[in-house]
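Asks: Below you'll find query.txt; it's compact mmCIF, C-alpha atoms.
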# COMPACT_ATOMS: atom_id res chain seq x y z
CA MET A 1 -23.77 8.46 -19.32
CA ALA A 2 -20.28 9.82 -19.66
CA LEU A 3 -18.56 9.98 -16.34
CA GLY A 4 -16.66 13.12 -15.50
CA ASN A 5 -12.92 12.90 -15.22
CA THR A 6 -12.92 13.08 -11.44
CA TYR A 7 -11.94 10.76 -8.65
CA GLU A 8 -15.33 9.01 -8.67
CA SER A 9 -14.68 7.86 -12.21
CA GLU A 10 -11.25 6.50 -11.43
CA ASN A 11 -11.41 2.77 -11.92
CA CYS A 12 -8.21 1.94 -10.10
CA SER A 13 -7.83 -1.10 -7.89
CA ALA A 14 -4.91 0.38 -5.98
CA ALA A 15 -6.97 3.44 -5.12
CA ARG A 16 -9.83 1.20 -3.99
CA ALA A 17 -7.45 -0.64 -1.71
CA LEU A 18 -6.31 2.65 -0.20
CA GLU A 19 -9.95 3.59 0.41
CA VAL A 20 -9.94 0.79 2.96
CA ILE A 21 -6.50 1.06 4.57
CA GLY A 22 -5.19 4.38 3.24
CA GLU A 23 -5.02 6.11 6.57
CA ARG A 24 -2.35 5.58 9.17
CA TRP A 25 -4.51 4.42 12.07
CA SER A 26 -6.33 2.03 9.78
CA LEU A 27 -3.06 0.52 8.65
CA LEU A 28 -1.77 0.20 12.22
CA ILE A 29 -4.96 -1.55 13.33
CA ILE A 30 -4.78 -3.97 10.39
CA ARG A 31 -1.09 -4.54 11.07
CA ASP A 32 -1.77 -5.45 14.71
CA ALA A 33 -4.52 -7.83 13.62
CA LEU A 34 -2.37 -9.39 10.88
CA PHE A 35 0.93 -9.74 12.68
CA ARG A 36 0.21 -9.63 16.39
CA GLY A 37 -3.03 -11.57 16.27
CA THR A 38 -4.80 -8.78 18.15
CA THR A 39 -8.57 -9.29 18.30
CA ARG A 40 -9.90 -7.43 21.35
CA PHE A 41 -10.97 -3.81 21.36
CA SER A 42 -9.09 -3.23 24.61
CA ASP A 43 -5.87 -4.71 23.20
CA PHE A 44 -5.96 -2.55 20.07
CA GLN A 45 -6.63 0.43 22.29
CA ARG A 46 -3.78 -0.29 24.69
CA ASP A 47 -1.26 -1.05 21.99
CA LEU A 48 -2.04 1.90 19.75
CA GLY A 49 -3.15 4.43 22.34
CA LEU A 50 -5.67 6.01 20.01
CA ALA A 51 -8.96 7.55 21.10
CA ARG A 52 -11.71 5.00 21.75
CA ASN A 53 -14.17 6.68 19.40
CA VAL A 54 -11.61 6.68 16.58
CA LEU A 55 -10.80 3.01 17.16
CA ALA A 56 -14.49 2.08 17.31
CA SER A 57 -15.20 3.91 14.08
CA ARG A 58 -12.28 2.25 12.25
CA LEU A 59 -13.26 -1.23 13.47
CA ASP A 60 -16.88 -0.61 12.48
CA GLY A 61 -15.64 0.41 9.04
CA PHE A 62 -13.60 -2.77 8.71
CA VAL A 63 -16.61 -4.91 9.64
CA GLU A 64 -18.73 -3.02 7.13
CA ALA A 65 -16.07 -3.44 4.42
CA GLY A 66 -15.91 -7.16 5.13
CA LEU A 67 -12.32 -7.14 6.41
CA MET A 68 -13.32 -8.28 9.89
CA THR A 69 -16.17 -9.97 11.67
CA ARG A 70 -17.35 -8.82 15.09
CA ARG A 71 -17.98 -11.40 17.77
CA PRO A 72 -19.78 -10.72 21.05
CA PRO A 73 -17.51 -11.03 24.07
CA GLU A 74 -17.25 -14.48 25.59
CA ASN A 75 -16.87 -13.42 29.17
CA GLY A 76 -15.86 -9.80 29.17
CA ALA A 77 -17.05 -6.40 28.17
CA TYR A 78 -15.28 -6.24 24.85
CA HIS A 79 -16.15 -7.43 21.39
CA GLU A 80 -13.61 -9.41 19.44
CA TYR A 81 -12.65 -8.64 15.87
CA GLN A 82 -11.47 -11.43 13.61
CA LEU A 83 -9.91 -10.85 10.21
CA THR A 84 -11.75 -12.43 7.31
CA ARG A 85 -10.06 -13.93 4.26
CA LYS A 86 -10.44 -10.50 2.62
CA GLY A 87 -8.66 -8.89 5.56
CA LEU A 88 -5.91 -11.50 5.75
CA ASP A 89 -5.31 -10.98 2.07
CA LEU A 90 -3.97 -7.48 2.81
CA LYS A 91 -0.77 -9.02 4.13
CA PRO A 92 1.22 -8.75 0.88
CA ALA A 93 0.23 -5.09 0.45
CA VAL A 94 1.28 -4.27 4.02
CA ILE A 95 4.55 -6.13 3.49
CA ALA A 96 5.18 -4.25 0.22
CA LEU A 97 4.56 -0.89 1.92
CA THR A 98 6.87 -1.96 4.75
CA ILE A 99 9.68 -2.88 2.37
CA TRP A 100 9.52 0.55 0.77
CA GLY A 101 9.48 2.26 4.18
CA ASP A 102 12.38 0.12 5.39
CA ARG A 103 14.45 1.20 2.44
CA TRP A 104 13.55 4.87 2.32
CA ALA A 105 12.16 5.94 5.68
CA ALA A 106 13.92 3.88 8.34
CA PRO A 107 17.28 5.55 9.06
CA ASN A 108 18.01 3.11 11.90
CA GLY A 109 17.21 0.00 9.88
CA PRO A 110 13.99 -2.00 9.62
CA PRO A 111 11.95 -1.90 12.84
CA ILE A 112 10.61 -5.36 12.12
CA ILE A 113 11.53 -8.27 9.91
CA TYR A 114 8.98 -10.53 8.22
CA ARG A 115 9.90 -14.17 8.65
CA HIS A 116 8.81 -17.60 7.54
CA ASP A 117 7.58 -19.19 10.78
CA ALA A 118 8.85 -22.65 9.84
CA CYS A 119 12.52 -21.85 9.15
CA GLU A 120 12.84 -18.21 10.29
CA GLY A 121 14.15 -17.14 6.89
CA GLU A 122 13.35 -13.58 5.83
CA ILE A 123 10.45 -12.93 3.50
CA GLU A 124 11.26 -11.29 0.20
CA LEU A 125 8.81 -9.78 -2.22
CA GLN A 126 9.35 -10.78 -5.81
CA LEU A 127 7.56 -9.60 -8.94
CA VAL A 128 7.67 -12.51 -11.34
CA CYS A 129 6.52 -12.81 -14.95
CA ASN A 130 4.12 -15.74 -15.22
CA LYS A 131 5.17 -16.40 -18.81
CA CYS A 132 8.96 -16.35 -18.87
CA GLY A 133 9.56 -16.70 -15.13
CA GLU A 134 11.91 -13.72 -15.00
CA GLN A 135 11.86 -10.99 -12.39
CA PRO A 136 11.72 -7.93 -14.65
CA ALA A 137 13.41 -4.68 -13.63
CA MET A 138 10.97 -2.02 -12.43
CA ASP A 139 11.13 -0.13 -15.72
CA GLN A 140 10.28 -3.30 -17.65
CA ILE A 141 6.83 -3.56 -16.08
CA GLY A 142 3.99 -1.90 -17.97
CA VAL A 143 0.21 -1.97 -18.00
CA THR A 144 -2.51 -3.00 -20.43
CA PRO A 145 -6.30 -2.72 -20.03
CA GLY A 146 -7.95 -5.67 -18.25
CA PRO A 147 -11.55 -6.99 -18.40
CA GLY A 148 -12.79 -4.33 -15.97
CA PHE A 149 -11.29 -1.45 -17.91
CA ALA A 150 -14.16 -0.56 -20.25
CA VAL A 151 -16.68 -0.25 -17.47
CA THR A 152 -15.89 3.29 -16.44
CA HIS A 153 -13.52 4.45 -19.16
CA MET B 1 12.69 9.77 27.50
CA ALA B 2 9.80 7.40 27.34
CA LEU B 3 7.68 8.03 24.30
CA GLY B 4 3.95 8.02 24.73
CA ASN B 5 2.02 5.23 23.12
CA THR B 6 0.61 7.40 20.36
CA TYR B 7 0.94 7.56 16.63
CA GLU B 8 4.13 9.66 16.82
CA SER B 9 5.84 6.82 18.64
CA GLU B 10 4.80 4.23 16.09
CA ASN B 11 7.94 3.00 14.43
CA CYS B 12 6.27 1.29 11.51
CA SER B 13 7.69 1.35 8.01
CA ALA B 14 4.35 0.57 6.41
CA ALA B 15 2.78 3.56 8.16
CA ARG B 16 5.65 5.76 7.00
CA ALA B 17 5.08 4.65 3.45
CA LEU B 18 1.41 5.58 3.75
CA GLU B 19 2.42 9.02 5.03
CA VAL B 20 3.73 9.62 1.54
CA ILE B 21 1.14 7.94 -0.69
CA GLY B 22 -1.68 7.16 1.74
CA GLU B 23 -4.23 9.39 0.12
CA ARG B 24 -6.13 8.61 -3.03
CA TRP B 25 -5.07 11.55 -5.19
CA SER B 26 -1.47 10.98 -4.17
CA LEU B 27 -1.67 7.37 -5.25
CA LEU B 28 -3.31 8.26 -8.56
CA ILE B 29 -0.62 10.84 -9.32
CA ILE B 30 2.14 8.36 -8.49
CA ARG B 31 0.39 5.71 -10.56
CA ASP B 32 0.25 7.99 -13.61
CA ALA B 33 3.93 8.81 -13.19
CA LEU B 34 4.90 5.16 -12.69
CA PHE B 35 2.81 3.49 -15.35
CA ARG B 36 1.86 6.16 -17.88
CA GLY B 37 5.13 8.04 -17.79
CA THR B 38 3.30 11.27 -17.07
CA THR B 39 5.65 14.14 -16.22
CA ARG B 40 3.90 17.41 -17.07
CA PHE B 41 1.66 19.31 -14.69
CA SER B 42 -0.88 19.82 -17.48
CA ASP B 43 -0.98 16.09 -18.30
CA PHE B 44 -1.57 15.08 -14.69
CA GLN B 45 -4.26 17.70 -14.50
CA ARG B 46 -6.01 16.62 -17.68
CA ASP B 47 -5.87 12.93 -16.88
CA LEU B 48 -7.00 13.15 -13.26
CA GLY B 49 -9.23 16.21 -13.46
CA LEU B 50 -8.35 17.34 -9.96
CA ALA B 51 -8.15 20.95 -8.84
CA ARG B 52 -4.92 22.70 -9.83
CA ASN B 53 -4.11 23.80 -6.30
CA VAL B 54 -4.54 20.24 -4.99
CA LEU B 55 -2.33 18.85 -7.74
CA ALA B 56 0.32 21.54 -7.15
CA SER B 57 0.37 20.83 -3.44
CA ARG B 58 0.71 17.05 -3.95
CA LEU B 59 3.52 17.46 -6.49
CA ASP B 60 5.31 19.91 -4.17
CA GLY B 61 5.00 17.34 -1.41
CA PHE B 62 6.51 14.61 -3.61
CA VAL B 63 9.45 16.85 -4.52
CA GLU B 64 9.95 17.66 -0.85
CA ALA B 65 9.78 13.96 0.09
CA GLY B 66 12.34 13.14 -2.58
CA LEU B 67 9.97 11.06 -4.73
CA MET B 68 10.21 13.44 -7.69
CA THR B 69 12.46 16.13 -9.05
CA ARG B 70 11.04 19.29 -10.60
CA ARG B 71 12.50 20.50 -13.88
CA PRO B 72 11.84 23.92 -15.40
CA PRO B 73 9.84 23.74 -18.63
CA GLU B 74 11.89 23.37 -21.80
CA ASN B 75 9.66 25.37 -24.07
CA GLY B 76 6.31 25.62 -22.39
CA ALA B 77 4.65 27.04 -19.34
CA TYR B 78 4.69 23.88 -17.27
CA HIS B 79 7.25 22.30 -15.01
CA GLU B 80 8.07 18.65 -15.48
CA TYR B 81 8.15 16.13 -12.66
CA GLN B 82 10.45 13.14 -12.89
CA LEU B 83 10.29 10.22 -10.49
CA THR B 84 13.47 9.57 -8.55
CA ARG B 85 14.75 6.12 -7.64
CA LYS B 86 12.85 6.50 -4.36
CA GLY B 87 9.65 7.21 -6.28
CA LEU B 88 10.16 4.42 -8.81
CA ASP B 89 10.67 2.07 -5.93
CA LEU B 90 6.99 2.47 -4.97
CA LYS B 91 6.03 0.26 -7.91
CA PRO B 92 5.84 -3.02 -5.94
CA ALA B 93 3.67 -1.42 -3.25
CA VAL B 94 1.28 0.00 -5.85
CA ILE B 95 1.16 -3.39 -7.58
CA ALA B 96 0.46 -5.14 -4.26
CA LEU B 97 -2.39 -2.73 -3.47
CA THR B 98 -3.74 -3.26 -6.98
CA ILE B 99 -3.73 -7.03 -6.65
CA TRP B 100 -5.77 -6.80 -3.46
CA GLY B 101 -8.20 -4.36 -5.09
CA ASP B 102 -8.50 -6.56 -8.17
CA ARG B 103 -9.46 -9.52 -6.02
CA TRP B 104 -11.78 -7.80 -3.57
CA ALA B 105 -13.01 -4.53 -5.06
CA ALA B 106 -13.24 -5.01 -8.82
CA PRO B 107 -16.56 -6.73 -9.56
CA ASN B 108 -16.01 -6.42 -13.32
CA GLY B 109 -12.50 -7.82 -13.25
CA PRO B 110 -9.14 -6.07 -13.09
CA PRO B 111 -9.21 -2.64 -14.79
CA ILE B 112 -5.57 -3.01 -15.73
CA ILE B 113 -3.05 -5.84 -16.00
CA TYR B 114 0.62 -5.47 -15.12
CA ARG B 115 2.80 -7.01 -17.79
CA HIS B 116 6.42 -7.79 -18.50
CA ASP B 117 7.25 -5.49 -21.43
CA ALA B 118 9.55 -8.02 -23.08
CA CYS B 119 7.19 -11.02 -23.34
CA GLU B 120 3.82 -9.56 -22.29
CA GLY B 121 3.43 -12.15 -19.54
CA GLU B 122 1.44 -11.08 -16.49
CA ILE B 123 3.28 -9.93 -13.38
CA GLU B 124 2.67 -11.94 -10.23
CA LEU B 125 3.62 -10.95 -6.73
CA GLN B 126 5.31 -13.67 -4.73
CA LEU B 127 6.40 -13.68 -1.10
CA VAL B 128 9.40 -15.95 -0.94
CA CYS B 129 11.45 -17.17 2.01
CA ASN B 130 15.11 -16.32 1.38
CA LYS B 131 16.27 -19.33 3.37
CA CYS B 132 14.22 -22.30 2.19
CA GLY B 133 12.92 -20.77 -1.05
CA GLU B 134 9.31 -21.65 -0.27
CA GLN B 135 6.34 -19.35 -0.71
CA PRO B 136 4.79 -19.60 2.77
CA ALA B 137 1.04 -19.39 3.24
CA MET B 138 -0.14 -16.05 4.62
CA ASP B 139 -0.57 -17.46 8.12
CA GLN B 140 2.98 -18.80 8.10
CA ILE B 141 4.50 -15.33 7.93
CA GLY B 142 5.37 -13.69 11.26
CA VAL B 143 7.46 -10.80 12.49
CA THR B 144 10.54 -10.34 14.68
CA PRO B 145 12.20 -7.09 15.79
CA GLY B 146 14.78 -5.67 13.35
CA PRO B 147 17.77 -3.36 13.94
CA GLY B 148 15.56 -0.23 13.97
CA PHE B 149 13.18 -1.66 16.57
CA ALA B 150 14.80 -0.45 19.80
CA VAL B 151 14.97 3.16 18.71
CA THR B 152 11.46 4.15 19.65
CA HIS B 153 10.22 1.13 21.59
Spell out the structure here as structure tokens.
Replies:
Amino acid sequence: MALGNTYESENCSAARALEVIGERWSLLIIRDALFRGTTRFSDFQRDLGLARNVLASRLDGFVEAGLMTRRPPENGAYHEYQLTRKGLDLKPAVIALTIWGDRWAAPNGPPIIYRHDACEGEIELQLVCNKCGEQPAMDQIGVTPGPGFAVTH
Amino acid sequence: MALGNTYESENCSAARALEVIGERWSLLIIRDALFRGTTRFSDFQRDLGLARNVLASRLDGFVEAGLMTRRPPENGAYHEYQLTRKGLDLKPAVIALTIWGDRWAAPNGPPIIYRHDACEGEIELQLVCNKCGEQPAMDQIGVTPGPGFAVTH
């Protein structure tokens, strides 16, 4: 069956990543979990101030997508949400989005700085060629089809 | 004035980046511009198959946000859209989202591979500490307030 040339046929890993976090509240919830260690419904709610039904629906979505696991409360009324390996692995993407925003949408300077816990150095994102070891300029990075390309193209 | 604890008061560079590309069509348009060199309205439209009014509104938004410049057609009916430095600078964020999607949402393997044009090596994303030069594990990366923190907190 030939797939139509519509979004459903787009076989793009970046788009699939945005399906999960491509909405501002989603990103802010993931950010709190990644960098503040937030786990409790009530803490997400207090920090972000979003409506409880919106928060519940986003957290449910993350559990369903395998980004978080839900744990019954130990002694309180609230469930806890723990990032899985899949969820933790969003850290580089959140950092990359932050670096762009720091440069282009933060007139007063970066609101936060990512640091190496051990030595407090700042974290830099580098795009490195695994063959020659260089860091190519942006316009020297291209694309070729990978193993998953043929499937929907 | 104390700002309410709502999305408007969130001073988060990652969220601001998503305001610009945090929607799937937006990302796919930016991706085509970044990695296929697409510039013409008709080429975006043919490749992505999205409605003309949606495409026009996204491209207008990119011009307004300073990600693209619009150039009158040289000899045809269609305007051309050229990425600015600000737009080109989204490349690392798109690559970071792609890497996550490749790992967690591409059961048939990566649809595309990012390569160094010069030697065809694959591009890897590395998070490097600018003080000790190490690549810290994900759970060894934390945050501290930056110069722009106080402004809305």
Asks: Excluding same-chain residues fewer than 5 positions from A:Asp139, what lies within 10 Å of it counting only C-alpha atoms, as a list in words?
Replies: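 That gives Leu34, Phe35, Leu88, Lys91, His116 and Asp117 of chain B.
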Asks: Pick out the closest residue to B:Glu19 from this set: B:Gly61, B:Gly146, B:Gly133, B:Gly121. Count all atoms listed in the file.
Replies: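 Ranked by minimum distance to B:Glu19, first place goes to B:Gly61.
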Asks: Report as CSV: every residue of chain B with an atom at most 6 Å from chain A, its closest pair of atoms, and their distance in Å to one decimal, counting all atoms listed in the file, with rows sorted by chain and ascending residue number.
Replies:
residue,atom,partner,partner_atom,distance
B:Asn5,CA,A:Gly49,CA,5.3
B:Thr6,CA,A:Gly49,CA,5.2
B:Ser13,CA,A:Gly101,CA,4.3
B:Ala14,CA,A:Thr98,CA,3.9
B:Ala15,CA,A:Arg24,CA,5.6
B:Arg16,CA,A:Gly101,CA,5.9
B:Ala17,CA,A:Gly101,CA,5.1
B:Gly22,CA,A:Gly22,CA,4.7
B:Glu23,CA,A:Gly22,CA,6.0
B:Arg24,CA,A:Ala15,CA,5.6
B:Gly49,CA,A:Thr6,CA,5.2
B:Ala93,CA,A:Ala96,CA,4.7
B:Ala96,CA,A:Ala93,CA,4.7
B:Leu97,CA,A:Ala14,CA,4.7
B:Thr98,CA,A:Ala14,CA,4.0
B:Gly101,CA,A:Ser13,CA,4.3
B:Asp102,CA,A:Ser13,CA,5.5
B:Asn108,CA,A:Gly148,CA,4.7
B:Gly109,CA,A:Gly148,CA,4.4
B:Pro110,CA,A:Gly148,CA,5.0
B:Pro111,CA,A:Phe149,CA,3.9
B:Ile112,CA,A:Gly146,CA,4.4
B:Ile113,CA,A:Thr144,CA,5.3
B:Tyr114,CA,A:Val143,CA,4.6
B:Arg115,CA,A:Gly142,CA,5.2
B:His116,CA,A:Ile141,CA,4.9
B:Asp117,CA,A:Gln140,CA,5.3
B:Gly121,CA,A:Lys131,CA,4.7
B:Glu122,CA,A:Asn130,CA,5.5
B:Ile123,CA,A:Cys129,CA,4.6
B:Glu124,CA,A:Val128,CA,5.2
B:Leu125,CA,A:Leu127,CA,4.7
B:Gln126,CA,A:Gln126,CA,5.1
B:Leu127,CA,A:Leu125,CA,4.7
B:Val128,CA,A:Glu124,CA,5.1
B:Cys129,CA,A:Ile123,CA,4.6
B:Asn130,CA,A:Glu122,CA,5.5
B:Lys131,CA,A:Gly121,CA,4.7
B:Gln140,CA,A:Asp117,CA,5.3
B:Ile141,CA,A:His116,CA,4.9
B:Gly142,CA,A:Arg115,CA,5.3
B:Val143,CA,A:Tyr114,CA,4.5
B:Thr144,CA,A:Ile113,CA,5.3
B:Pro145,CA,A:Ile112,CA,4.4
B:Gly146,CA,A:Ile112,CA,4.4
B:Pro147,CA,A:Gly109,CA,5.3
B:Gly148,CA,A:Pro111,CA,4.1
B:Phe149,CA,A:Pro111,CA,3.9
Asks: Looking at A:Tyr78, A:Pro73, A:Phe41, A:Arg85, which one is nearest to A:Ala56, with distances taken over all atoms listed in the file?
Replies: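 Closest to A:Ala56 of all the choices is A:Phe41.
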Asks: At a cut-off of 12 Å, using all atoms listed in the file, what residues contact A:His79? Leave out same-chain residues fewer than 2 positions from it and give the result as an MDAnalysis selection string.
Replies: chainID A and resid 38:44 56 59:60 68:77 81:82
Asks: Once you have the residues from the selection above, write them out as a short mmCIF file (atom, residue, chain, number, x, y, z; two decimals), in the frame of the given file, restricted to C-alpha atoms.
Replies:
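Writing done, so here's out03.cif:
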data_model
loop_
_atom_site.label_atom_id
_atom_site.label_comp_id
_atom_site.auth_asym_id
_atom_site.auth_seq_id
_atom_site.Cartn_x
_atom_site.Cartn_y
_atom_site.Cartn_z
CA THR A 38 -4.80 -8.78 18.15
CA THR A 39 -8.57 -9.29 18.30
CA ARG A 40 -9.90 -7.43 21.35
CA PHE A 41 -10.97 -3.81 21.36
CA SER A 42 -9.09 -3.23 24.61
CA ASP A 43 -5.87 -4.71 23.20
CA PHE A 44 -5.96 -2.55 20.07
CA ALA A 56 -14.49 2.08 17.31
CA LEU A 59 -13.26 -1.23 13.47
CA ASP A 60 -16.88 -0.61 12.48
CA MET A 68 -13.32 -8.28 9.89
CA THR A 69 -16.17 -9.97 11.67
CA ARG A 70 -17.35 -8.82 15.09
CA ARG A 71 -17.98 -11.40 17.77
CA PRO A 72 -19.78 -10.72 21.05
CA PRO A 73 -17.51 -11.03 24.07
CA GLU A 74 -17.25 -14.48 25.59
CA ASN A 75 -16.87 -13.42 29.17
CA GLY A 76 -15.86 -9.80 29.17
CA ALA A 77 -17.05 -6.40 28.17
CA TYR A 81 -12.65 -8.64 15.87
CA GLN A 82 -11.47 -11.43 13.61
#
Asks: In Å, how far is it from atom CA of B:Leu67 to atom CA of B:Thr84?
Replies: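 Calculated distance between atom CA of B:Leu67 and atom CA of B:Thr84 is 5.4 Å.
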Asks: What separation in Å, quoted to one decimal, exists between atom CA of B:Gly37 and atom CA of B:Arg58?
Replies: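 Interatomic distance here is 17.1 Å.
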Asks: Work out how far apart atom CA of A:Ile29 and atom CA of B:Phe62 are and give it in Å to one decimal.
Replies: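 Computed distance, atom CA of A:Ile29 to atom CA of B:Phe62, equals 26.1 Å.
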Asks: Assuming 5 Å of padding per side, give the centre and edge lengths of the axis-aligned box around every listed atom of stretch 142-147 of chain B, in Å to one decimal and as lines of an AutoDock Vina configuration file.
Replies:
center_x = 11.6
center_y = -8.5
center_z = 13.5
size_x = 22.4
size_y = 20.3
size_z = 14.5
Asks: Starting from the sparse input, extend stretch 59-81 of chain A to N, CA and C atoms and give the output as a PDB file, in the coordinates of the input.
Replies:
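Below you can see out.pdb, which holds the result:
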ATOM      1  N   LEU A  59     -12.878   0.189  13.417  1.00  0.00           N
ATOM      2  CA  LEU A  59     -13.260  -1.230  13.470  1.00  0.00           C
ATOM      3  C   LEU A  59     -14.632  -1.444  12.840  1.00  0.00           C
ATOM      4  N   ASP A  60     -15.564  -0.531  13.128  1.00  0.00           N
ATOM      5  CA  ASP A  60     -16.880  -0.610  12.480  1.00  0.00           C
ATOM      6  C   ASP A  60     -16.724  -0.582  10.961  1.00  0.00           C
ATOM      7  N   GLY A  61     -15.875   0.304  10.486  1.00  0.00           N
ATOM      8  CA  GLY A  61     -15.640   0.410   9.040  1.00  0.00           C
ATOM      9  C   GLY A  61     -15.087  -0.875   8.459  1.00  0.00           C
ATOM     10  N   PHE A  62     -14.184  -1.519   9.196  1.00  0.00           N
ATOM     11  CA  PHE A  62     -13.600  -2.770   8.710  1.00  0.00           C
ATOM     12  C   PHE A  62     -14.656  -3.880   8.646  1.00  0.00           C
ATOM     13  N   VAL A  63     -15.538  -3.910   9.650  1.00  0.00           N
ATOM     14  CA  VAL A  63     -16.610  -4.910   9.640  1.00  0.00           C
ATOM     15  C   VAL A  63     -17.531  -4.651   8.440  1.00  0.00           C
ATOM     16  N   GLU A  64     -17.861  -3.383   8.241  1.00  0.00           N
ATOM     17  CA  GLU A  64     -18.730  -3.020   7.130  1.00  0.00           C
ATOM     18  C   GLU A  64     -18.093  -3.361   5.776  1.00  0.00           C
ATOM     19  N   ALA A  65     -16.779  -3.166   5.680  1.00  0.00           N
ATOM     20  CA  ALA A  65     -16.070  -3.440   4.420  1.00  0.00           C
ATOM     21  C   ALA A  65     -15.771  -4.928   4.253  1.00  0.00           C
ATOM     22  N   GLY A  66     -16.122  -5.713   5.259  1.00  0.00           N
ATOM     23  CA  GLY A  66     -15.910  -7.160   5.130  1.00  0.00           C
ATOM     24  C   GLY A  66     -14.491  -7.612   5.434  1.00  0.00           C
ATOM     25  N   LEU A  67     -13.686  -6.755   6.057  1.00  0.00           N
ATOM     26  CA  LEU A  67     -12.320  -7.140   6.410  1.00  0.00           C
ATOM     27  C   LEU A  67     -12.265  -7.892   7.733  1.00  0.00           C
ATOM     28  N   MET A  68     -13.279  -7.651   8.574  1.00  0.00           N
ATOM     29  CA  MET A  68     -13.320  -8.280   9.890  1.00  0.00           C
ATOM     30  C   MET A  68     -14.744  -8.704  10.198  1.00  0.00           C
ATOM     31  N   THR A  69     -14.859  -9.667  11.107  1.00  0.00           N
ATOM     32  CA  THR A  69     -16.170  -9.970  11.670  1.00  0.00           C
ATOM     33  C   THR A  69     -16.117  -9.615  13.156  1.00  0.00           C
ATOM     34  N   ARG A  70     -17.261  -9.194  13.676  1.00  0.00           N
ATOM     35  CA  ARG A  70     -17.350  -8.820  15.090  1.00  0.00           C
ATOM     36  C   ARG A  70     -18.028  -9.945  15.850  1.00  0.00           C
ATOM     37  N   ARG A  71     -17.428 -10.307  16.968  1.00  0.00           N
ATOM     38  CA  ARG A  71     -17.980 -11.400  17.770  1.00  0.00           C
ATOM     39  C   ARG A  71     -18.272 -10.875  19.165  1.00  0.00           C
ATOM     40  N   PRO A  72     -19.453 -11.202  19.686  1.00  0.00           N
ATOM     41  CA  PRO A  72     -19.780 -10.720  21.050  1.00  0.00           C
ATOM     42  C   PRO A  72     -18.753 -11.287  22.029  1.00  0.00           C
ATOM     43  N   PRO A  73     -18.508 -10.578  23.101  1.00  0.00           N
ATOM     44  CA  PRO A  73     -17.510 -11.030  24.070  1.00  0.00           C
ATOM     45  C   PRO A  73     -17.920 -12.346  24.705  1.00  0.00           C
ATOM     46  N   GLU A  74     -16.946 -13.199  24.964  1.00  0.00           N
ATOM     47  CA  GLU A  74     -17.250 -14.480  25.590  1.00  0.00           C
ATOM     48  C   GLU A  74     -17.524 -14.323  27.076  1.00  0.00           C
ATOM     49  N   ASN A  75     -16.658 -13.580  27.733  1.00  0.00           N
ATOM     50  CA  ASN A  75     -16.870 -13.420  29.170  1.00  0.00           C
ATOM     51  C   ASN A  75     -16.492 -12.038  29.654  1.00  0.00           C
ATOM     52  N   GLY A  76     -16.286 -11.128  28.739  1.00  0.00           N
ATOM     53  CA  GLY A  76     -15.860  -9.800  29.170  1.00  0.00           C
ATOM     54  C   GLY A  76     -16.723  -8.729  28.542  1.00  0.00           C
ATOM     55  N   ALA A  77     -16.254  -7.529  28.622  1.00  0.00           N
ATOM     56  CA  ALA A  77     -17.050  -6.400  28.170  1.00  0.00           C
ATOM     57  C   ALA A  77     -16.735  -6.026  26.724  1.00  0.00           C
ATOM     58  N   TYR A  78     -15.747  -6.702  26.143  1.00  0.00           N
ATOM     59  CA  TYR A  78     -15.280  -6.240  24.850  1.00  0.00           C
ATOM     60  C   TYR A  78     -15.578  -7.205  23.706  1.00  0.00           C
ATOM     61  N   HIS A  79     -15.990  -6.635  22.594  1.00  0.00           N
ATOM     62  CA  HIS A  79     -16.150  -7.430  21.390  1.00  0.00           C
ATOM     63  C   HIS A  79     -14.791  -7.875  20.866  1.00  0.00           C
ATOM     64  N   GLU A  80     -14.838  -8.972  20.104  1.00  0.00           N
ATOM     65  CA  GLU A  80     -13.610  -9.410  19.440  1.00  0.00           C
ATOM     66  C   GLU A  80     -13.760  -9.215  17.935  1.00  0.00           C
ATOM     67  N   TYR A  81     -12.661  -8.911  17.308  1.00  0.00           N
ATOM     68  CA  TYR A  81     -12.650  -8.640  15.870  1.00  0.00           C
ATOM     69  C   TYR A  81     -11.697  -9.611  15.187  1.00  0.00           C
TER      70      TYR A  81
END
